[in-house]
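Here is the file work.tsv (TSV, C-alpha atoms).
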chain	number	residue	atom	x	y	z
A	1	MET	CA	0.00	0.00	0.00
A	2	PRO	CA	1.46	3.42	-0.86
A	3	PRO	CA	2.15	5.80	2.04
A	4	ALA	CA	-0.72	8.11	3.00
A	5	ARG	CA	-0.33	11.61	1.56
A	6	LEU	CA	-0.31	14.31	4.22
A	7	SER	CA	-3.19	16.67	3.52
A	8	HIS	CA	-3.11	20.37	4.26
A	9	ASN	CA	-5.45	19.93	7.24
A	10	SER	CA	-3.32	17.09	8.56
A	11	PHE	CA	-0.24	19.27	8.28
A	12	LEU	CA	-1.96	22.03	10.23
A	13	SER	CA	-3.14	19.61	12.90
A	14	LEU	CA	0.36	18.16	13.27
A	15	PHE	CA	2.46	21.30	13.06
A	16	GLY	CA	0.21	24.35	12.99
A	17	HIS	CA	0.40	24.77	16.76
A	18	SER	CA	4.12	25.49	16.54
A	19	LEU	CA	4.06	27.66	13.44
A	20	HIS	CA	3.13	30.93	15.06
A	21	PRO	CA	5.24	34.08	15.25
A	22	SER	CA	8.17	34.12	17.56
A	23	PRO	CA	8.06	36.88	20.21
A	24	LYS	CA	11.10	38.23	18.39
A	25	TYR	CA	8.92	38.94	15.40
A	26	HIS	CA	11.28	41.67	14.23
A	27	GLN	CA	13.60	38.92	13.10
A	28	HIS	CA	12.43	38.34	9.58
A	29	LEU	CA	13.46	36.77	6.32
A	30	PHE	CA	13.20	37.91	2.75
A	31	SER	CA	10.66	36.32	0.48
A	32	GLY	CA	10.73	38.28	-2.76
A	33	PRO	CA	8.23	41.11	-2.62
A	34	HIS	CA	6.91	39.28	0.40
A	35	LEU	CA	8.19	38.27	3.75
A	36	VAL	CA	7.66	35.22	5.85
A	37	PRO	CA	8.22	35.67	9.61
A	38	ALA	CA	10.91	33.87	11.58
A	39	TRP	CA	8.49	31.23	12.82
A	40	ARG	CA	9.25	29.23	15.92
A	41	PRO	CA	10.80	25.93	14.77
A	42	ILE	CA	8.71	22.77	14.63
A	43	ASP	CA	9.82	20.11	17.07
A	44	ARG	CA	12.30	18.19	14.94
A	45	ALA	CA	11.66	14.84	16.62
A	46	SER	CA	7.96	15.06	15.85
A	47	PHE	CA	8.73	16.25	12.33
A	48	SER	CA	11.07	13.33	11.64
A	49	ARG	CA	8.68	10.76	13.15
A	50	CYS	CA	5.64	11.96	11.26
A	51	PHE	CA	6.82	13.52	8.06
A	52	SER	CA	9.78	13.07	5.78
A	53	ASP	CA	9.31	13.44	2.04
A	54	GLY	CA	5.74	14.70	1.95
A	55	THR	CA	4.10	11.44	3.11
A	56	LEU	CA	3.06	9.95	6.41
A	57	LYS	CA	4.98	6.72	6.96
A	58	ASN	CA	7.25	4.92	9.40
A	59	ALA	CA	10.45	5.33	7.43
A	60	GLN	CA	12.40	8.44	8.32
A	61	ARG	CA	14.47	10.62	6.04
A	62	PRO	CA	16.13	13.67	7.58
A	63	HIS	CA	14.39	16.51	5.81
A	64	HIS	CA	17.49	18.67	5.54
A	65	HIS	CA	20.40	16.26	5.12
A	66	HIS	CA	20.70	17.04	1.43
A	67	LEU	CA	20.03	20.76	1.45
A	68	GLY	CA	23.63	21.45	0.44
A	69	ARG	CA	22.89	20.69	-3.17
A	70	HIS	CA	20.23	23.41	-3.22
A	71	PHE	CA	22.90	26.00	-2.53
A	72	GLY	CA	25.36	24.64	-5.09
A	73	THR	CA	27.69	22.91	-2.62
A	74	SER	CA	28.17	19.42	-1.26
A	75	ARG	CA	30.84	18.86	1.37
A	76	PRO	CA	32.11	15.84	3.29
A	77	MET	CA	30.82	15.36	6.82
A	78	GLY	CA	32.56	17.62	9.30
A	79	GLU	CA	33.52	20.13	6.62
A	80	ASN	CA	30.90	22.84	7.16
A	81	THR	CA	31.94	25.27	4.44
A	82	GLU	CA	28.62	25.72	2.65
A	83	ALA	CA	27.58	29.26	1.86
A	84	PRO	CA	24.50	30.10	3.92
A	85	PRO	CA	21.22	30.80	2.13
A	86	PRO	CA	20.43	34.49	1.57
A	87	PHE	CA	17.65	34.35	4.16
A	88	PRO	CA	16.88	32.01	7.08
A	89	LEU	CA	14.94	28.96	5.94
A	90	THR	CA	11.73	28.24	7.82
A	91	GLU	CA	10.64	24.71	8.65
A	92	VAL	CA	8.14	25.00	5.81
A	93	ASP	CA	10.99	25.96	3.44
A	94	LYS	CA	13.02	22.95	4.56
A	95	TRP	CA	10.04	20.69	4.12
A	96	VAL	CA	9.51	22.04	0.59
A	97	LEU	CA	13.19	21.56	-0.27
A	98	SER	CA	12.95	17.92	0.79
A	99	GLN	CA	10.35	17.33	-1.92
A	100	THR	CA	10.32	17.00	-5.67
A	101	ASP	CA	7.95	19.04	-7.80
A	102	GLU	CA	5.92	15.86	-8.31
A	103	GLU	CA	5.42	15.48	-4.56
A	104	PHE	CA	4.49	19.12	-4.01
A	105	LYS	CA	0.84	19.98	-3.27
A	106	TYR	CA	-0.20	23.17	-5.03
A	107	HIS	CA	-2.31	25.76	-3.20
A	108	GLU	CA	-5.96	25.61	-4.24
A	109	TRP	CA	-8.23	28.65	-4.16
A	110	ASP	CA	-10.33	27.64	-1.13
A	111	GLU	CA	-7.16	26.86	0.84
A	112	LEU	CA	-5.69	30.25	-0.05
A	113	ARG	CA	-8.85	31.99	1.10
A	114	GLU	CA	-8.68	30.13	4.42
A	115	LEU	CA	-4.99	30.91	4.98
A	116	ILE	CA	-5.53	34.60	4.27
A	117	ASP	CA	-8.74	34.87	6.30
A	118	THR	CA	-6.99	33.28	9.29
A	119	ASN	CA	-3.72	35.20	8.73
A	120	GLN	CA	-1.63	32.02	8.37
A	121	LEU	CA	0.51	33.60	5.69
A	122	HIS	CA	3.58	31.66	6.81
A	123	LEU	CA	2.09	28.52	5.26
A	124	LEU	CA	2.23	29.95	1.74
A	125	LYS	CA	4.95	28.06	-0.08
A	126	ARG	CA	6.68	27.89	-3.44
A	127	LYS	CA	7.17	24.87	-5.66
A	128	PRO	CA	10.48	23.16	-4.75
A	129	SER	CA	12.25	24.01	-8.02
A	130	ASP	CA	10.98	27.61	-7.80
A	131	LEU	CA	12.21	27.95	-4.22
A	132	ARG	CA	15.67	26.72	-5.23
A	133	ARG	CA	15.77	29.19	-8.12
A	134	TYR	CA	14.52	31.93	-5.83
A	135	ILE	CA	17.28	31.26	-3.32
A	136	LYS	CA	19.84	31.50	-6.12
A	137	TRP	CA	18.29	34.69	-7.54
A	138	THR	CA	18.14	36.37	-4.14
A	139	THR	CA	21.81	35.58	-3.47
A	140	GLU	CA	22.91	36.98	-6.82
A	141	THR	CA	20.64	40.05	-6.65
A	142	LYS	CA	21.80	41.03	-3.16
A	143	ALA	CA	25.40	40.62	-4.27
A	144	GLU	CA	24.86	42.94	-7.24
A	145	TYR	CA	22.48	45.55	-5.79
A	146	GLY	CA	23.13	45.38	-2.06
A	147	ASN	CA	19.49	44.71	-1.26
A	148	ILE	CA	16.22	43.90	-2.99
A	149	THR	CA	14.84	47.42	-2.60
A	150	ASN	CA	17.59	48.76	-4.85
A	151	PHE	CA	16.72	46.16	-7.48
A	152	LEU	CA	13.04	47.16	-7.39
A	153	LEU	CA	13.88	50.85	-7.71
A	154	ALA	CA	16.14	50.12	-10.68
A	155	HIS	CA	13.93	47.69	-12.59
A	156	ARG	CA	10.35	47.54	-11.33
A	157	LEU	CA	9.04	50.73	-9.72
A	158	PRO	CA	8.30	53.96	-11.65
A	159	LYS	CA	11.34	56.13	-12.27
A	160	ALA	CA	9.08	59.12	-11.60
A	161	TRP	CA	8.96	58.10	-7.95
A	162	GLY	CA	12.65	58.75	-7.42
A	163	GLU	CA	14.28	57.49	-4.24
A	164	PRO	CA	12.61	56.97	-0.85
A	165	PRO	CA	11.37	58.75	1.11
A	166	PHE	CA	8.91	59.42	-1.69
A	167	GLN	CA	6.82	62.53	-2.25
A	168	PRO	CA	3.34	61.20	-3.13
A	169	VAL	CA	0.72	63.31	-4.84
A	170	SER	CA	-1.92	62.28	-2.29
A	171	GLU	CA	-1.59	61.49	1.40
A	172	ILE	CA	-4.34	58.89	0.96
A	173	ALA	CA	-3.10	55.61	-0.47
A	174	PHE	CA	-4.47	54.68	-3.92
A	175	ALA	CA	-6.31	58.00	-4.29
A	176	ASP	CA	-4.08	59.16	-7.17
A	177	PRO	CA	-3.08	56.67	-9.91
A	178	SER	CA	0.46	58.07	-10.11
A	179	ASP	CA	1.00	56.96	-6.51
A	180	TYR	CA	0.66	53.23	-7.14
A	181	ARG	CA	2.04	50.66	-9.57
A	182	VAL	CA	0.43	47.29	-10.28
A	183	LEU	CA	2.85	44.50	-11.26
A	184	LYS	CA	2.82	40.74	-11.66
A	185	ASN	CA	4.77	38.99	-8.94
A	186	ASP	CA	8.13	37.77	-10.22
A	187	TRP	CA	8.21	34.96	-7.67
A	188	PRO	CA	4.66	33.70	-7.03
A	189	TYR	CA	3.84	30.88	-4.66
A	190	GLY	CA	2.96	27.39	-5.83
A	191	PHE	CA	-0.59	27.93	-7.00
A	192	ALA	CA	-2.95	25.61	-8.80
A	193	PRO	CA	-3.50	26.45	-12.50
A	194	GLY	CA	-5.57	29.55	-13.13
A	195	ILE	CA	-4.39	31.53	-10.08
A	196	SER	CA	-2.25	34.64	-10.66
A	197	HIS	CA	-0.29	36.71	-8.13
A	198	ILE	CA	-0.19	40.50	-8.42
A	199	VAL	CA	1.58	43.06	-6.22
A	200	VAL	CA	0.37	46.65	-5.87
A	201	TRP	CA	3.17	49.02	-4.82
A	202	SER	CA	2.20	52.28	-3.14
A	203	ARG	CA	4.23	55.48	-3.09
A	204	THR	CA	1.90	56.71	-0.32
A	205	PRO	CA	2.48	55.06	3.07
A	206	ILE	CA	-0.32	52.77	4.27
A	207	ALA	CA	-1.04	53.49	7.92
A	208	THR	CA	-0.29	50.74	10.44
A	209	ASP	CA	-0.76	50.33	14.18
A	210	ASP	CA	1.97	50.66	16.80
A	211	THR	CA	1.98	47.02	17.91
A	212	VAL	CA	2.82	44.47	15.19
A	213	GLY	CA	2.49	46.97	12.36
A	214	ASP	CA	-0.77	45.61	10.99
A	215	MET	CA	-3.12	47.88	9.07
A	216	THR	CA	-5.40	50.19	11.01
A	217	PRO	CA	-9.16	49.83	10.50
A	218	GLU	CA	-9.08	53.02	8.42
A	219	SER	CA	-6.24	51.92	6.15
A	220	ARG	CA	-7.76	48.46	5.76
A	221	LYS	CA	-10.93	50.06	4.44
A	222	ILE	CA	-8.90	52.26	2.07
A	223	VAL	CA	-7.16	49.18	0.63
A	224	ALA	CA	-10.38	47.17	0.44
A	225	ASP	CA	-12.14	50.00	-1.43
A	226	PHE	CA	-9.24	50.19	-3.90
A	227	ILE	CA	-9.28	46.42	-4.49
A	228	GLN	CA	-13.02	46.63	-5.11
A	229	ARG	CA	-12.91	49.40	-7.70
A	230	TYR	CA	-9.65	48.41	-9.45
A	231	PHE	CA	-9.95	44.62	-9.57
A	232	VAL	CA	-13.36	43.34	-8.48
A	233	ASP	CA	-15.53	45.80	-10.42
A	234	ARG	CA	-13.50	45.18	-13.58
A	235	LEU	CA	-14.45	41.48	-13.44
A	236	GLY	CA	-18.19	42.02	-13.32
A	237	PRO	CA	-20.84	40.40	-11.10
A	238	ASP	CA	-18.63	37.41	-10.20
A	239	GLY	CA	-15.59	39.54	-9.44
A	240	LYS	CA	-15.81	39.17	-5.68
A	241	ASP	CA	-15.31	35.41	-5.97
A	242	LYS	CA	-12.21	35.85	-8.15
A	243	VAL	CA	-10.14	38.22	-6.00
A	244	ILE	CA	-8.51	37.88	-2.57
A	245	TRP	CA	-5.84	40.10	-1.08
A	246	PHE	CA	-3.57	40.55	1.91
A	247	LYS	CA	-0.92	42.90	3.26
A	248	ASN	CA	1.90	41.63	5.45
A	249	TRP	CA	2.42	43.34	8.76
A	250	VAL	CA	5.46	45.57	8.96
A	251	ALA	CA	7.39	42.87	10.83
A	252	LEU	CA	6.97	40.47	7.90
A	253	GLN	CA	7.91	42.82	5.07
A	254	SER	CA	11.07	42.47	3.03
A	255	VAL	CA	10.83	45.92	1.41
A	256	ARG	CA	9.82	48.26	4.20
A	257	ALA	CA	10.68	51.40	2.26
A	258	VAL	CA	7.81	50.77	-0.15
A	259	ASP	CA	4.37	49.66	1.02
A	260	HIS	CA	2.69	46.96	-1.04
A	261	VAL	CA	-0.40	44.79	-1.15
A	262	HIS	CA	-0.69	41.26	-2.54
A	263	VAL	CA	-3.63	40.40	-4.79
A	264	LEU	CA	-4.52	36.88	-5.94
A	265	VAL	CA	-6.97	36.39	-8.80
A	266	ARG	CA	-8.33	33.24	-10.42
A	267	ASP	CA	-9.61	32.45	-13.89
A	268	VAL	CA	-8.93	35.97	-15.15
A	269	ASP	CA	-8.23	36.57	-18.83
A	270	PRO	CA	-4.49	37.25	-19.30
A	271	ALA	CA	-5.44	40.31	-21.36
A	272	VAL	CA	-7.14	41.80	-18.30
A	273	ILE	CA	-4.06	41.15	-16.17
A	274	GLU	CA	-1.93	42.87	-18.82
A	275	GLU	CA	-4.33	45.82	-18.71
A	276	TRP	CA	-4.02	46.05	-14.92
A	277	THR	CA	-0.21	45.87	-14.97
A	278	GLU	CA	0.51	48.08	-17.97
A	279	GLU	CA	2.80	51.04	-17.37
A	280	GLN	CA	0.92	54.33	-17.54
A	281	PRO	CA	2.17	57.73	-18.77
A	282	TRP	CA	2.16	59.16	-15.25
A	283	HIS	CA	4.69	56.53	-14.20
A	284	ARG	CA	7.31	57.88	-16.60
A	285	VAL	CA	9.84	60.52	-15.69
A	286	GLU	CA	9.11	62.76	-18.68
A	287	GLU	CA	5.51	63.19	-17.53
A	288	HIS	CA	6.75	64.79	-14.29
A	289	LYS	CA	9.34	67.22	-15.62
So that I can check it, write out the structure of this file as structure tokens.
Amino acid sequence: MPPARLSHNSFLSLFGHSLHPSPKYHQHLFSGPHLVPAWRPIDRASFSRCFSDGTLKNAQRPHHHHLGRHFGTSRPMGENTEAPPPFPLTEVDKWVLSQTDEEFKYHEWDELRELIDTNQLHLLKRKPSDLRRYIKWTTETKAEYGNITNFLLAHRLPKAWGEPPFQPVSEIAFADPSDYRVLKNDWPYGFAPGISHIVVWSRTPIATDDTVGDMTPESRKIVADFIQRYFVDRLGPDGKDKVIWFKNWVALQSVRAVDHVHVLVRDVDPAVIEEWTEEQPWHRVEEHK
């Protein structure tokens, strides 16, 4: 009999209790335009007993004994000379790296809605091959640009914005179209077919509270209203069922100098996504001279 596949709910029941933010939530790790918090480690004994290569079974395989190959090195035992990854790997990352793409379970829409509604953003994960490529890209990009913010300013965000701190046209986020830029995510998570990941970058700061840096009720409404008019309304009567969004708290953000919101859409015509993400005249430097 083949080993029983560990479902998402089973994973949560086994490990979800230990995947909550560490009190030192300011320790964070880069995740592209996103950030995943430095989650408290899963008990390794329980992890090894219950879960090795994505299946529940008695046989154990240390989930990180072969991680060296993911960073381009493989050393004899006792010779710890591997270059560290460009960000701390979470237990979820290590679990993903222990899998093949064939073993990986892609995020379905209903699961994504549940994770976002319950703020379990740390369980969002990339396909194993994508995570390995992302680790490599992050290492090379930081070496060339110093940090990811510099890369975004050079290649993704409007040149008309200049350097932070920015000077937005409006003090209210998303009130003026020149103050935000909609882009496809370069490094999306491992989604089921038909789901696309978009990031909305804001030149205007989005207000947060003084505790964990989550949105205030007022700023949450501002973002929700923008999502409604920019994305949902464009998709017609069924638009509400095709769009979900989230914003990481400040403690989880990789690019703190530029506020941004994540938008996930499903079964949307690629032409509509191109329309949303097209560069506009007001994003160009010459329009602001």
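Of the listed residues A:Pro85, A:Pro205, A:Pro281, A:Gly194, the one whose atoms come nearest to Thr139 (chain A) is A:Pro85, with distances taken using only C-alpha atoms.
Distances from A:Trp201, A:Phe226, A:Glu278, A:Val268 to Arg256 (chain A) were compared using all atoms listed in the file, and the smallest one belongs to A:Trp201.
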For CA of Val199 (chain A) and CA of Glu91 (chain A), quote the distance in Å rounded to one decimal.
-> 25.3 Å
What is the distance between CA of Arg266 (chain A) and CA of Thr204 (chain A), in Å to one decimal?
-> 27.5 Å
Mind pulling up the distance from CA of Val263 (chain A) to CA of Val232 (chain A)?
-> 10.8 Å
Please tabulate, as CSV, the residues of region 122-214 of chain A that come within 9 Å of region 269-275 of chain A, each with its closest pair of atoms and the distance in Å to one decimal, counting all atoms listed in the file and ordering rows by chain, then residue number upward.
residue,atom,partner,partner_atom,distance
A:Lys184,CA,A:Ile273,CA,8.2
A:Ser196,CA,A:Ile273,CA,8.7
A:Ile198,CA,A:Ile273,CA,8.7
